[in-house]
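**Student:** My file is final_38.csv. It has CSV, C-alpha atoms:
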```csv
chain,number,residue,atom,x,y,z
M,1,MET,CA,-1.1,-3.2,-1.7
M,2,LYS,CA,2.5,-2.3,-0.9
M,3,PHE,CA,5.7,-2.5,-2.9
M,4,LYS,CA,8.0,-5.1,-1.4
M,5,GLU,CA,11.7,-5.4,-2.4
M,6,ILE,CA,12.9,-8.8,-3.6
M,7,ALA,CA,15.5,-10.3,-1.3
M,8,PHE,CA,18.8,-11.3,-2.9
M,9,ARG,CA,21.7,-13.4,-1.6
M,10,GLU,CA,24.4,-11.4,-3.3
M,11,SER,CA,24.9,-7.7,-2.6
M,12,ASN,CA,25.7,-7.1,-6.3
M,13,SER,CA,22.4,-8.5,-7.4
M,14,LYS,CA,20.7,-6.2,-4.9
M,15,ARG,CA,22.6,-3.2,-6.4
M,16,ILE,CA,21.6,-4.1,-9.9
M,17,TYR,CA,17.9,-4.7,-8.9
M,18,ARG,CA,17.7,-1.4,-7.0
M,19,ASP,CA,19.2,0.4,-10.0
M,20,TYR,CA,16.6,-1.1,-12.3
M,21,ILE,CA,13.7,-0.3,-9.9
M,22,ALA,CA,15.0,3.3,-9.7
M,23,ARG,CA,15.0,3.5,-13.5
M,24,ILE,CA,11.3,2.3,-13.5
M,25,GLN,CA,10.4,4.9,-11.0
M,26,GLN,CA,12.1,7.6,-13.0
M,27,ALA,CA,10.3,6.5,-16.2
M,28,ILE,CA,6.9,6.6,-14.6
M,29,LYS,CA,7.3,9.6,-12.2
M,30,THR,CA,5.0,11.8,-14.3
M,31,LEU,CA,2.0,9.6,-13.5
M,32,ASN,CA,-0.2,9.8,-10.3
M,33,ALA,CA,0.7,7.7,-7.3
M,34,ALA,CA,-1.9,4.9,-8.0
M,35,ASN,CA,-0.7,4.4,-11.5
M,36,GLN,CA,3.0,4.5,-10.5
M,37,GLN,CA,2.3,1.9,-7.8
M,38,GLU,CA,0.4,-0.4,-10.3
M,39,ILE,CA,3.2,-0.4,-12.8
M,40,LEU,CA,6.0,-0.8,-10.2
M,41,LEU,CA,4.2,-3.7,-8.5
M,42,GLU,CA,3.6,-5.5,-11.8
M,43,ILE,CA,7.2,-5.3,-13.1
M,44,ASN,CA,8.5,-6.2,-9.6
M,45,SER,CA,6.2,-9.3,-9.7
M,46,HIS,CA,7.5,-10.2,-13.2
M,47,ILE,CA,11.1,-10.1,-11.9
M,48,TYR,CA,10.2,-12.1,-8.8
M,49,GLU,CA,8.3,-14.8,-10.7
M,50,SER,CA,11.1,-15.1,-13.3
M,51,LEU,CA,13.6,-15.6,-10.5
M,52,MET,CA,11.4,-18.2,-8.8
M,53,SER,CA,10.2,-20.2,-11.8
M,54,ASN,CA,13.6,-20.5,-13.3
M,55,PRO,CA,15.9,-21.5,-10.4
M,56,ASP,CA,19.5,-20.7,-11.1
M,57,SER,CA,20.8,-24.1,-11.7
M,58,GLY,CA,24.4,-23.5,-10.7
M,59,ARG,CA,24.4,-20.1,-12.2
M,60,GLU,CA,25.4,-17.1,-10.3
M,61,GLU,CA,22.5,-15.0,-9.0
M,62,VAL,CA,23.8,-11.9,-10.7
M,63,ALA,CA,24.0,-13.5,-14.1
M,64,HIS,CA,20.5,-14.8,-13.6
M,65,LEU,CA,19.1,-11.4,-12.7
M,66,LEU,CA,20.9,-9.7,-15.6
M,67,ASP,CA,19.3,-12.2,-18.0
M,68,ILE,CA,15.9,-11.5,-16.6
M,69,LEU,CA,16.3,-7.7,-16.8
M,70,GLU,CA,17.7,-8.0,-20.3
M,71,LYS,CA,14.7,-10.0,-21.5
M,72,LEU,CA,12.4,-7.5,-19.9
M,73,GLY,CA,14.1,-4.6,-21.7
M,74,GLN,CA,15.0,-1.1,-20.9
M,75,PRO,CA,12.2,0.4,-18.7
M,76,GLU,CA,12.6,3.8,-20.4
M,77,VAL,CA,11.7,2.2,-23.7
M,78,PHE,CA,9.1,-0.5,-23.0
M,79,LEU,CA,7.2,1.7,-20.5
M,80,LYS,CA,7.0,4.7,-22.8
M,81,PRO,CA,3.7,3.7,-24.5
M,82,LEU,CA,2.2,2.7,-21.2
M,83,VAL,CA,3.1,6.0,-19.6
M,84,ALA,CA,1.8,8.0,-22.5
M,85,GLU,CA,-1.5,6.2,-22.5
M,86,LYS,CA,-2.0,6.4,-18.7
M,87,LYS,CA,-1.0,10.1,-18.7
M,88,LEU,CA,-3.7,10.9,-21.2
M,89,ASP,CA,-6.3,9.1,-19.1
M,90,GLU,CA,-5.2,11.1,-16.1
M,91,ALA,CA,-5.2,14.4,-17.9
M,92,THR,CA,-8.6,14.1,-19.5
M,93,ARG,CA,-10.1,13.3,-16.2
M,94,THR,CA,-8.6,16.2,-14.3
M,95,PHE,CA,-9.1,19.3,-16.6
M,96,ASN,CA,-5.7,20.4,-15.2
M,97,PRO,CA,-3.9,22.3,-18.0
M,98,PHE,CA,-0.4,21.2,-17.0
M,99,GLN,CA,-1.5,17.6,-17.0
M,100,VAL,CA,-3.0,18.0,-20.5
M,101,ILE,CA,0.1,19.6,-21.8
M,102,LYS,CA,2.3,16.8,-20.4
M,103,ALA,CA,0.0,14.2,-21.9
M,104,LEU,CA,0.0,15.9,-25.3
M,105,VAL,CA,3.8,16.0,-25.3
M,106,LEU,CA,4.1,12.3,-24.4
M,107,ASN,CA,1.5,11.4,-27.2
M,108,ILE,CA,2.8,13.7,-29.9
M,109,GLY,CA,4.3,10.8,-31.8
M,110,ASN,CA,1.0,8.8,-31.7
M,111,GLY,CA,-0.7,10.4,-34.6
M,112,ILE,CA,-1.7,13.6,-36.3
M,113,SER,CA,-4.7,14.2,-34.1
M,114,TYR,CA,-2.5,14.9,-31.1
M,115,ILE,CA,-0.5,17.4,-33.1
M,116,ILE,CA,-3.8,19.2,-33.9
M,117,PHE,CA,-4.6,19.2,-30.2
M,118,ALA,CA,-1.2,20.7,-29.5
M,119,VAL,CA,-1.8,23.4,-32.1
M,120,LEU,CA,-5.2,24.2,-30.5
M,121,TYR,CA,-3.4,24.4,-27.2
M,122,LEU,CA,-0.9,26.8,-28.7
M,123,LEU,CA,-3.8,29.0,-29.9
M,124,LEU,CA,-5.2,29.0,-26.4
M,125,PHE,CA,-2.0,30.3,-25.0
M,126,GLY,CA,-2.0,32.9,-27.8
M,127,PHE,CA,-5.2,34.3,-26.5
M,128,LEU,CA,-3.8,34.5,-23.0
M,129,PHE,CA,-0.7,36.2,-24.3
M,130,LEU,CA,-2.8,38.8,-26.1
M,131,ILE,CA,-4.5,39.8,-22.8
M,132,GLY,CA,-1.0,40.6,-21.4
M,133,ALA,CA,0.0,42.4,-24.6
M,134,LYS,CA,-3.2,44.5,-24.6
M,135,LEU,CA,-2.4,45.6,-21.0
M,136,ILE,CA,1.1,46.6,-22.0
M,137,ASP,CA,0.3,48.2,-25.4
M,138,PRO,CA,-3.5,48.9,-25.5
M,139,GLU,CA,-3.3,51.0,-28.7
M,140,ASN,CA,-1.6,48.5,-31.0
M,141,VAL,CA,-3.1,45.3,-29.8
M,142,GLY,CA,-6.6,44.4,-30.7
M,143,PHE,CA,-8.9,42.8,-33.3
M,144,PHE,CA,-8.5,44.9,-36.4
M,145,TYR,CA,-10.9,44.2,-39.2
M,146,ARG,CA,-12.1,45.7,-42.5
M,147,ALA,CA,-13.9,43.6,-45.0
M,148,ASN,CA,-11.7,42.1,-47.7
M,149,ASP,CA,-8.7,44.0,-46.4
M,150,ILE,CA,-7.6,43.8,-42.8
M,151,PHE,CA,-8.0,40.8,-40.5
M,152,ILE,CA,-5.6,40.9,-37.6
M,153,LEU,CA,-6.0,39.5,-34.1
M,154,GLY,CA,-2.9,40.7,-32.3
M,155,TYR,CA,-0.4,43.4,-32.7
M,156,TYR,CA,-0.2,45.9,-35.6
M,157,ARG,CA,2.0,48.9,-36.1
M,158,SER,CA,4.0,49.4,-39.2
M,159,TYR,CA,6.2,52.5,-39.9
M,160,GLY,CA,4.1,54.5,-37.5
M,161,VAL,CA,0.8,53.5,-39.2
M,162,THR,CA,-1.8,52.0,-36.9
M,163,HIS,CA,-5.1,50.5,-37.6
M,164,LEU,CA,-6.7,52.0,-34.5
M,165,GLU,CA,-9.8,53.0,-36.5
M,166,TYR,CA,-10.5,49.4,-37.5
M,167,GLU,CA,-10.3,48.0,-34.0
M,168,LYS,CA,-13.6,46.3,-33.3
M,169,LEU,CA,-13.5,45.1,-29.7
M,170,GLY,CA,-12.3,48.1,-27.7
M,171,ASN,CA,-12.8,47.5,-24.0
M,172,TRP,CA,-14.3,44.1,-24.8
M,173,PHE,CA,-11.0,42.8,-26.1
M,174,ILE,CA,-9.8,41.3,-22.8
M,175,PRO,CA,-13.1,39.7,-21.8
M,176,VAL,CA,-13.5,38.2,-25.3
M,177,MET,CA,-10.0,36.7,-25.1
M,178,LEU,CA,-10.7,35.3,-21.7
M,179,VAL,CA,-14.0,33.7,-22.9
M,180,LEU,CA,-12.1,32.3,-26.0
M,181,THR,CA,-9.4,30.9,-23.7
M,182,VAL,CA,-11.9,29.1,-21.5
M,183,LEU,CA,-14.0,28.0,-24.4
M,184,PHE,CA,-10.9,26.5,-26.2
M,185,TYR,CA,-9.8,24.9,-23.0
M,186,PHE,CA,-13.1,23.1,-22.4
M,187,MET,CA,-13.4,22.2,-26.1
M,188,ILE,CA,-9.9,20.7,-26.3
M,189,THR,CA,-10.3,18.7,-23.1
M,190,LEU,CA,-13.8,17.4,-24.0
M,191,LEU,CA,-12.6,16.5,-27.6
M,192,LEU,CA,-9.7,14.6,-26.0
M,193,ARG,CA,-12.1,12.8,-23.7
M,194,LEU,CA,-14.4,12.0,-26.6
M,195,LYS,CA,-11.5,10.7,-28.7
M,196,ARG,CA,-10.6,8.4,-25.8
M,197,THR,CA,-14.2,7.2,-25.4
M,198,LEU,CA,-14.6,6.5,-29.1
M,199,LYS,CA,-11.4,4.5,-29.2
M,200,SER,CA,-12.5,2.2,-26.4
J,1,MET,CA,17.2,-11.5,-50.2
J,2,ASN,CA,16.7,-8.2,-48.5
J,3,GLU,CA,17.3,-9.4,-44.9
J,4,ASP,CA,16.8,-6.0,-43.4
J,5,PHE,CA,13.4,-5.7,-44.9
J,6,THR,CA,12.4,-9.2,-43.8
J,7,THR,CA,13.6,-8.7,-40.3
J,8,LYS,CA,11.5,-5.4,-40.0
J,9,TRP,CA,8.5,-7.1,-41.5
J,10,ILE,CA,8.7,-10.0,-39.1
J,11,SER,CA,9.0,-7.7,-36.1
J,12,GLN,CA,6.0,-5.7,-37.3
J,13,LEU,CA,4.0,-8.9,-37.8
J,14,LYS,CA,4.9,-10.2,-34.4
J,15,LYS,CA,3.9,-6.8,-32.8
J,16,GLY,CA,0.6,-6.8,-34.7
J,17,THR,CA,-0.3,-10.3,-33.8
J,18,LEU,CA,0.6,-10.1,-30.1
J,19,SER,CA,-2.8,-9.0,-29.0
J,20,PHE,CA,-4.4,-11.9,-31.0
J,21,LEU,CA,-1.9,-14.3,-29.4
J,22,VAL,CA,-2.6,-13.1,-25.9
J,23,LEU,CA,-6.4,-13.2,-26.3
J,24,SER,CA,-6.2,-16.6,-27.9
J,25,ILE,CA,-4.3,-17.9,-24.9
J,26,LEU,CA,-6.8,-16.3,-22.4
J,27,LYS,CA,-9.7,-17.7,-24.5
J,28,ASP,CA,-10.0,-20.9,-22.5
J,29,GLY,CA,-11.0,-18.9,-19.4
J,30,LYS,CA,-7.9,-19.6,-17.3
J,31,GLU,CA,-6.3,-16.8,-15.3
J,32,TYR,CA,-2.8,-15.8,-16.1
J,33,TYR,CA,-0.3,-13.3,-14.6
J,34,GLY,CA,2.1,-11.5,-16.8
J,35,TYR,CA,5.1,-13.7,-16.5
J,36,ASP,CA,3.0,-16.8,-16.8
J,37,LEU,CA,1.4,-15.5,-19.9
J,38,ILE,CA,4.8,-14.8,-21.5
J,39,ASN,CA,5.8,-18.4,-20.8
J,40,GLU,CA,2.6,-19.7,-22.3
J,41,ILE,CA,3.2,-17.7,-25.5
J,42,LYS,CA,6.8,-19.0,-25.7
J,43,LYS,CA,5.6,-22.6,-25.0
J,44,ARG,CA,2.8,-22.6,-27.6
J,45,THR,CA,4.4,-20.5,-30.3
J,46,GLN,CA,8.1,-20.5,-30.0
J,47,ILE,CA,7.9,-16.8,-30.5
J,48,ASP,CA,10.4,-14.9,-28.4
J,49,ILE,CA,8.8,-11.6,-27.5
J,50,ALA,CA,10.5,-8.6,-25.8
J,51,GLU,CA,8.9,-9.4,-22.4
J,52,GLY,CA,8.4,-5.8,-21.3
J,53,THR,CA,6.2,-5.0,-24.3
J,54,LEU,CA,3.5,-7.3,-22.9
J,55,TYR,CA,2.6,-4.8,-20.1
J,56,PRO,CA,1.6,-1.8,-22.3
J,57,LEU,CA,-0.4,-4.3,-24.4
J,58,MET,CA,-2.2,-5.7,-21.3
J,59,ASN,CA,-3.0,-2.1,-20.3
J,60,ARG,CA,-4.5,-1.4,-23.7
J,61,LEU,CA,-6.6,-4.6,-23.7
J,62,LYS,CA,-7.9,-3.7,-20.3
J,63,LYS,CA,-8.8,-0.2,-21.4
J,64,GLU,CA,-10.6,-1.6,-24.3
J,65,GLU,CA,-12.4,-3.9,-21.8
J,66,LEU,CA,-11.2,-7.1,-23.6
J,67,VAL,CA,-9.6,-8.4,-20.4
J,68,ALA,CA,-10.1,-7.8,-16.7
J,69,SER,CA,-7.4,-7.9,-14.0
J,70,LYS,CA,-7.2,-8.4,-10.3
J,71,TRP,CA,-4.3,-8.3,-7.8
J,72,VAL,CA,-3.9,-11.4,-5.7
J,73,GLU,CA,-1.7,-11.3,-2.6
J,74,GLN,CA,1.0,-14.0,-2.3
J,75,GLU,CA,2.7,-15.6,0.6
J,76,SER,CA,6.0,-14.1,-0.6
J,77,GLY,CA,4.5,-10.6,-0.1
J,78,ILE,CA,4.9,-9.9,-3.8
J,79,PRO,CA,1.4,-9.9,-5.3
J,80,ARG,CA,0.5,-11.2,-8.8
J,81,LYS,CA,-1.8,-9.4,-11.2
J,82,TYR,CA,-4.0,-11.9,-12.8
J,83,TYR,CA,-5.8,-11.4,-16.2
J,84,THR,CA,-8.9,-13.0,-17.5
J,85,ILE,CA,-10.7,-12.5,-20.8
J,86,SER,CA,-14.1,-10.7,-20.8
J,87,THR,CA,-17.2,-11.5,-22.8
J,88,LEU,CA,-16.3,-8.7,-25.2
J,89,GLY,CA,-12.8,-10.1,-25.4
J,90,LEU,CA,-14.2,-13.6,-26.4
J,91,HIS,CA,-16.3,-12.1,-29.1
J,92,THR,CA,-13.3,-10.0,-30.4
J,93,VAL,CA,-10.9,-13.0,-30.4
J,94,ASN,CA,-13.4,-15.1,-32.3
J,95,GLU,CA,-13.8,-12.3,-34.9
J,96,MET,CA,-10.0,-12.0,-35.1
J,97,LYS,CA,-9.7,-15.8,-35.7
J,98,THR,CA,-12.3,-15.7,-38.5
J,99,TYR,CA,-10.4,-12.9,-40.2
J,100,TRP,CA,-7.0,-14.7,-39.6
J,101,ASP,CA,-8.3,-17.9,-41.1
J,102,SER,CA,-9.7,-16.1,-44.2
J,103,LEU,CA,-6.4,-14.2,-44.6
J,104,ASN,CA,-4.5,-17.5,-44.3
J,105,THR,CA,-6.6,-19.1,-47.0
J,106,THR,CA,-6.2,-16.1,-49.3
J,107,ILE,CA,-2.4,-16.1,-48.8
J,108,ASN,CA,-2.1,-19.8,-49.3
J,109,ALA,CA,-4.1,-19.5,-52.5
J,110,ILE,CA,-1.7,-16.9,-54.1
```
If you convert what's in this file into C-alpha cells, what do you get?

**Tutor:**
Amino acid sequence: MKFKEIAFRESNSKRIYRDYIARIQQAIKTLNAANQQEILLEINSHIYESLMSNPDSGREEVAHLLDILEKLGQPEVFLKPLVAEKKLDEATRTFNPFQVIKALVLNIGNGISYIIFAVLYLLLFGFLFLIGAKLIDPENVGFFYRANDIFILGYYRSYGVTHLEYEKLGNWFIPVMLVLTVLFYFMITLLLRLKRTLKS
Amino acid sequence: MNEDFTTKWISQLKKGTLSFLVLSILKDGKEYYGYDLINEIKKRTQIDIAEGTLYPLMNRLKKEELVASKWVEQESGIPRKYYTISTLGLHTVNEMKTYWDSLNTTINAI
C-alpha cells in the first residue's frame, strides 16, 4: 500500500497539508519503515475522510483543513504514546542495543519499571567501560575484595595506596566483564520481552 | 467549586472510558475506520474527544488482541483501515459493562 497525497484546490491548503505531513514524518522517524507507513497512511486517511464527509459548505478550503488538523491535534503530542509503544515492540524483537536504548528513553515516563531497565542498561555499559579502563590502567582497575572490608568493582587508588593484593580476578577480569555484559544484555532484553508478553 | 479540579477529573474520566466506549461501539460487529468511529462516538455520546488520541488507543487495543484491523483499498487511492472487535474483545467489553453497571449502582446509592 502506498502513501498518496490528498489533492487540494488551493495552493495554501496544499502547503498547510504538506507541512502537517512533514510533522508526522518527523514525529515517527525513529520507527521502522513499515510502522512509519502504517501511521502515515492512517492519519492521511483520517484527513481525507474528514474532508470528504464534511463538505465545506461555502467555507474556504483552507479554513476547513485547519479545522480538521486542529481537531486531530499536534502530531508530536498525540503520536508520542503510539511511537513509544511501537518502538518498544521493535526493540524487543531485534536485540539491537541502539534500538533498546531509544525505546527505553521514549518509555522512561511510562512507569518505574522502565527506569529500572534503564539503570540495568547503565550497569551494562559500566562493565564495558571497565574493560577499557582495565586496558589503560591494569593495576588499579579490578575486583578488589576482602570479607567485611573491601568490595570494589572498578578503580581504586587513594593517596598512593592500592588494593592490588586483594584483586581477585587477575587476567580473568576482562573475560568476566565481557560475560557479564552479554548476560545483562540478554537478561534485559528478555525481561523487556516478558514484560510485553505479560501485559498483552 | 474548584473548576480546575473538576476539569482535570472530567478529562481523566474521558480518557479512562475511551477504550470502553470504542469497544462498546464495535460490539455490534460492524466494521469502522478511524474517522467513522470518532463520528459514531460523537453521535452517540456527545463527547468531544481529541481526535488524534484515538489512534494510539486503537493500536493498544490491537496489541491486546481486543480488536483486529485490515486495510481496504478505496477508489480515491487513499485506503481505509477498518477495525472489528475480536472474541476476546467481546468478552472484555461485557466484563467492563458489568463492572460499569455495578459502579453506577454504587455511586447512585451514595

**Student:** In Å, rounded to a single decimal, give me how far CA of Leu79 in chain M is from CA of Thr92 in chain M.

**Tutor:**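 For CA of Thr92 in chain M relative to CA of Leu79 in chain M, the distance reads 20.1 Å.
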
**Student:** Could you build a table of the residues in chain M lying no more than 6 Å from chain J, giving for each the nearest pair of atoms and their separation in Å rounded to one decimal place, using all atoms listed in the file, ordered by chain and ascending residue number, as a Markdown table?

**Tutor:**
```
| residue | atom | partner | partner_atom | distance |
| --- | --- | --- | --- | --- |
| M:His46 | CA | J:Tyr35 | CA | 5.4 |
| M:Lys71 | CA | J:Glu51 | CA | 5.9 |
| M:Leu72 | CA | J:Gly52 | CA | 4.6 |
| M:Gly73 | CA | J:Gly52 | CA | 5.8 |
| M:Phe78 | CA | J:Thr53 | CA | 5.5 |
| M:Leu82 | CA | J:Pro56 | CA | 4.7 |
| M:Ser200 | CA | J:Glu64 | CA | 4.7 |
```

**Student:** Please return, as a ChimeraX atom specification, all polymer residues that have at least one atom within 9 Å of the point (4.6, -5.5, -8.1); use only C-alpha atoms and the file's own coordinate frame.

**Tutor:** /M:1-4,37-48 /J:78-81

**Student:** Separation of CA of Arg93 in chain M and CA of Gly126 in chain M, in Å?

**Tutor:**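 Atom-to-atom, CA of Arg93 in chain M to CA of Gly126 in chain M, that is 24.2 Å.
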
**Student:** Smallest atom-to-atom distance to Lys168 in chain M: which of M:Tyr121, M:Asp149, M:Leu191, M:Val141, using only C-alpha atoms?

**Tutor:**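 For Lys168 in chain M, the nearest of the given residues is M:Val141.
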
**Student:** In Å, with one decimal, what is the gap from CA of Ala147 in chain M to CA of Val182 in chain M?

**Tutor:**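 Separating CA of Ala147 in chain M from CA of Val182 in chain M is a distance of 27.7 Å.
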
**Student:** Which residues are close to Ile25 in chain J, i.e. within 12 Å by all atoms listed in the file, leaving aside same-chain residues fewer than 2 positions away? Reply as a PyMOL selection string.

**Tutor:** chain J and resi 18-23+27-33+36-45+67+83-85+89-90+93

**Student:** Out of M:Phe8, M:Tyr166, M:Phe125, M:Phe117, which residue has the shortest atom-to-atom distance to Asn140 in chain M when counting only C-alpha atoms?

**Tutor:** M:Tyr166

**Student:** Taking only C-alpha atoms into account, name the residue in M:Leu135, M:Val77, M:Leu123, M:Leu69 that is nearest to Gln26 in chain M.

**Tutor:**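 The answer is M:Val77, which sits nearest to Gln26 in chain M.
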